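Asker: Before we start, here is the structure in question, set down as structure tokens.
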Amino acid sequence: MEREIKLRIILEKPTPATDFGIQEGSGHNYAVLQKQKSTGEDLTFEASVRVKPSADGSPVFLGAVTQGSPKERFVYIDIGRAAGQLDTLWSRRLKIPLKSITWELIQQLETTQQAALEVRVPGVGKDGGPNCGGAKNVLFTCPQ
């Protein structure tokens, strides 16, 4: 049975004066949703995704903001030029993997009637610029 859940992605203290947004669609045919310019304070993005069981019973995430193969779904945060900002040197994307979201976590979300599953991700990478590539140690939680 398919259901809809909300995800909240908190980008912690991202590179200032840089645009960030959720990617909807893929390839060259995509839109940037919820575009925000960083001031160095945390940025929050929310997106709804659909989820259904795969053949082996694990969750499969569906919707316009999901990317990747069914077993390795993720959400892209577009950064700088990738987010449509022309006056920057940055052109990056950050993958937010969804594999830490289990049926138990989805049930907890529904049982506690929380608004969204939440994840916090560092906004600055090792090079001092915006964090990019695949976010490490991503763990969605059901905030209390």
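Residues in the structure tokens are numbered from 1 in each chain, the chains being A, B, ... in the order shown, and ligands are numbered from 1 in the order shown.
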Residues near A:Thr39, anyone? I mean within 9 Å using only C-alpha atoms, not counting same-chain ones fewer than 4 positions away, as JSON, numbers by chain.

Answerer: {"A": [13, 14, 15, 16, 17, 18, 43]}

Asker: Using 10 Å as the limit and counting only C-alpha atoms, can you tabulate each residue of stretch 53-88 of chain A that touches stretch 99-104 of chain A, with its shortest atom-to-atom distance in Å and the two atoms involved, as JSON lines?

Answerer:
```
{"residue": "A:Pro53", "atom": "CA", "partner": "A:Trp103", "partner_atom": "CA", "distance": 9.0}
{"residue": "A:Gly57", "atom": "CA", "partner": "A:Trp103", "partner_atom": "CA", "distance": 9.2}
{"residue": "A:Ser58", "atom": "CA", "partner": "A:Thr102", "partner_atom": "CA", "distance": 7.5}
{"residue": "A:Pro59", "atom": "CA", "partner": "A:Trp103", "partner_atom": "CA", "distance": 6.7}
{"residue": "A:Val60", "atom": "CA", "partner": "A:Lys99", "partner_atom": "CA", "distance": 9.2}
{"residue": "A:Phe61", "atom": "CA", "partner": "A:Lys99", "partner_atom": "CA", "distance": 9.5}
{"residue": "A:Lys71", "atom": "CA", "partner": "A:Lys99", "partner_atom": "CA", "distance": 7.7}
{"residue": "A:Glu72", "atom": "CA", "partner": "A:Lys99", "partner_atom": "CA", "distance": 6.6}
{"residue": "A:Arg73", "atom": "CA", "partner": "A:Lys99", "partner_atom": "CA", "distance": 7.0}
{"residue": "A:Phe74", "atom": "CA", "partner": "A:Lys99", "partner_atom": "CA", "distance": 7.9}
```

Asker: In Å, with one decimal, what is the gap from atom CA of A:Gly21 to atom CA of A:Glu118?

Answerer: 16.4 Å

Asker: Grab the atom CA of A:Gln114 to atom CA of A:Asn137 distance for me, in Å with one decimal place.

Answerer: 22.7 Å

Asker: Ranking A:Ile22, A:Ile77, A:Ala82, A:Ala64 by minimum distance to A:Leu94 and counting only C-alpha atoms, which one comes first?

Answerer: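 Between A:Ile22, A:Ile77, A:Ala82, A:Ala64, the residue approaching A:Leu94 most closely is A:Ile77.
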
Asker: Looking at only C-alpha atoms, which of A:Cys142, A:Leu7, A:Val49, A:Val75 is the one that sits closest to A:Gln107?

Answerer: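 Under the stated criterion, the closest residue is A:Cys142.
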
Asker: In terms of the shortest atom-to-atom distance over only C-alpha atoms, which of A:Gly134, A:Lys37, A:Ile96, A:Glu110 is closest to A:Arg3?

Answerer: A:Glu110

Asker: Show me, as number ranges by chain, the residues that have an atom within 10 Å of A:Thr88 when counting only C-alpha atoms, minus same-chain residues fewer than 3 positions from it.

Answerer: A: 17-19, 79-81, 84-85, 91

Asker: Which distance in Å separates atom CA of A:Gly63 and atom CA of A:Thr111, to one decimal?

Answerer: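 Value for the atom CA of A:Gly63-atom CA of A:Thr111 distance: 23.2 Å.
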
Asker: Ranking A:Gln144, A:Lys95, A:Ile5, A:Tyr76 by minimum distance to A:Glu24 and counting only C-alpha atoms, which one comes first?

Answerer: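 Under the stated criterion, the closest residue is A:Tyr76.
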
Asker: Run DSSP on the backbone and tell me which residues of chain A come out as strand (DSSP E); list them as a PyMOL selection string.

Answerer: chain A and resi 3-12+19-26+29-37+43-53+59-62+66-67+74-80+91-97+117-122+133-134

Asker: If DSSP is run on the backbone, what residues of chain A are alpha helix (DSSP H)? A reply as an mmCIF file with all heavy atoms, in the first residue's frame would be ideal.

Answerer:
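Result file states_35.cif:
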```cif
data_model
loop_
_atom_site.group_PDB
_atom_site.id
_atom_site.type_symbol
_atom_site.label_atom_id
_atom_site.label_comp_id
_atom_site.auth_asym_id
_atom_site.auth_seq_id
_atom_site.Cartn_x
_atom_site.Cartn_y
_atom_site.Cartn_z
ATOM 1 N N TRP A 103 10.563 1.027 7.602
ATOM 2 C CA TRP A 103 9.126 0.963 7.880
ATOM 3 C C TRP A 103 8.855 1.303 9.344
ATOM 4 O O TRP A 103 7.849 1.928 9.667
ATOM 5 C CB TRP A 103 8.548 -0.398 7.527
ATOM 6 C CG TRP A 103 8.419 -0.609 6.053
ATOM 7 C CD1 TRP A 103 9.065 -1.541 5.299
ATOM 8 C CD2 TRP A 103 7.587 0.128 5.145
ATOM 9 N NE1 TRP A 103 8.687 -1.423 3.984
ATOM 10 C CE2 TRP A 103 7.784 -0.408 3.862
ATOM 11 C CE3 TRP A 103 6.706 1.192 5.288
ATOM 12 C CZ2 TRP A 103 7.130 0.080 2.741
ATOM 13 C CZ3 TRP A 103 6.049 1.687 4.169
ATOM 14 C CH2 TRP A 103 6.264 1.130 2.917
ATOM 15 N N GLU A 104 9.757 0.893 10.246
ATOM 16 C CA GLU A 104 9.581 1.188 11.671
ATOM 17 C C GLU A 104 9.592 2.708 11.903
ATOM 18 O O GLU A 104 8.787 3.233 12.681
ATOM 19 C CB GLU A 104 10.685 0.518 12.500
ATOM 20 C CG GLU A 104 10.605 -0.999 12.541
ATOM 21 C CD GLU A 104 11.125 -1.690 11.271
ATOM 22 O OE1 GLU A 104 11.853 -1.057 10.476
ATOM 23 O OE2 GLU A 104 10.784 -2.863 11.070
ATOM 24 N N LEU A 105 10.483 3.414 11.214
ATOM 25 C CA LEU A 105 10.560 4.865 11.344
ATOM 26 C C LEU A 105 9.304 5.533 10.770
ATOM 27 O O LEU A 105 8.760 6.481 11.357
ATOM 28 C CB LEU A 105 11.824 5.381 10.647
ATOM 29 C CG LEU A 105 12.261 6.799 10.954
ATOM 30 C CD1 LEU A 105 12.464 7.028 12.440
ATOM 31 C CD2 LEU A 105 13.556 7.098 10.206
ATOM 32 N N ILE A 106 8.828 5.024 9.650
ATOM 33 C CA ILE A 106 7.598 5.552 9.047
ATOM 34 C C ILE A 106 6.417 5.323 9.992
ATOM 35 O O ILE A 106 5.587 6.211 10.195
ATOM 36 C CB ILE A 106 7.355 4.910 7.663
ATOM 37 C CG1 ILE A 106 8.445 5.367 6.686
ATOM 38 C CG2 ILE A 106 5.958 5.253 7.144
ATOM 39 C CD1 ILE A 106 8.503 4.579 5.392
ATOM 40 N N GLN A 107 6.356 4.136 10.612
ATOM 41 C CA GLN A 107 5.290 3.844 11.575
ATOM 42 C C GLN A 107 5.384 4.774 12.775
ATOM 43 O O GLN A 107 4.370 5.271 13.265
ATOM 44 C CB GLN A 107 5.377 2.376 12.022
ATOM 45 C CG GLN A 107 4.263 1.969 12.965
ATOM 46 C CD GLN A 107 2.904 2.042 12.307
ATOM 47 O OE1 GLN A 107 2.730 1.699 11.156
ATOM 48 N NE2 GLN A 107 1.915 2.520 13.054
ATOM 49 N N GLN A 108 6.601 5.034 13.242
ATOM 50 C CA GLN A 108 6.800 5.951 14.371
ATOM 51 C C GLN A 108 6.294 7.356 14.014
ATOM 52 O O GLN A 108 5.660 8.018 14.822
ATOM 53 C CB GLN A 108 8.278 5.989 14.752
ATOM 54 C CG GLN A 108 8.576 6.833 15.963
ATOM 55 C CD GLN A 108 10.056 6.857 16.291
ATOM 56 O OE1 GLN A 108 10.877 6.223 15.633
ATOM 57 N NE2 GLN A 108 10.406 7.606 17.318
ATOM 58 N N LEU A 109 6.578 7.784 12.791
ATOM 59 C CA LEU A 109 6.108 9.087 12.322
ATOM 60 C C LEU A 109 4.582 9.153 12.382
ATOM 61 O O LEU A 109 4.006 10.131 12.873
ATOM 62 C CB LEU A 109 6.596 9.332 10.888
ATOM 63 C CG LEU A 109 6.138 10.616 10.209
ATOM 64 C CD1 LEU A 109 6.817 11.823 10.826
ATOM 65 C CD2 LEU A 109 6.430 10.554 8.716
ATOM 66 N N GLU A 110 3.933 8.102 11.906
ATOM 67 C CA GLU A 110 2.472 8.073 11.885
ATOM 68 C C GLU A 110 1.882 7.947 13.289
ATOM 69 O O GLU A 110 0.890 8.588 13.617
ATOM 70 C CB GLU A 110 1.992 6.935 10.995
ATOM 71 C CG GLU A 110 2.343 7.175 9.540
ATOM 72 C CD GLU A 110 2.119 5.974 8.644
ATOM 73 O OE1 GLU A 110 1.944 4.842 9.156
ATOM 74 O OE2 GLU A 110 2.133 6.164 7.413
ATOM 75 N N THR A 111 2.515 7.138 14.141
ATOM 76 C CA THR A 111 2.023 6.916 15.499
ATOM 77 C C THR A 111 2.144 8.172 16.354
ATOM 78 O O THR A 111 1.244 8.502 17.116
ATOM 79 C CB THR A 111 2.799 5.756 16.161
ATOM 80 O OG1 THR A 111 2.645 4.589 15.358
ATOM 81 C CG2 THR A 111 2.282 5.479 17.554
ATOM 82 N N THR A 112 3.264 8.876 16.240
ATOM 83 C CA THR A 112 3.491 10.070 17.058
ATOM 84 C C THR A 112 2.869 11.310 16.444
ATOM 85 O O THR A 112 2.891 12.373 17.046
ATOM 86 C CB THR A 112 4.999 10.319 17.259
ATOM 87 O OG1 THR A 112 5.615 10.512 15.982
ATOM 88 C CG2 THR A 112 5.647 9.171 18.000
#
```

Asker: Tell me which of A:Gly25, A:Asp87, A:Arg92, A:Thr44 sits closest to A:Thr66, counting only C-alpha atoms.

Answerer: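 Closest to A:Thr66, using only C-alpha atoms: A:Gly25.
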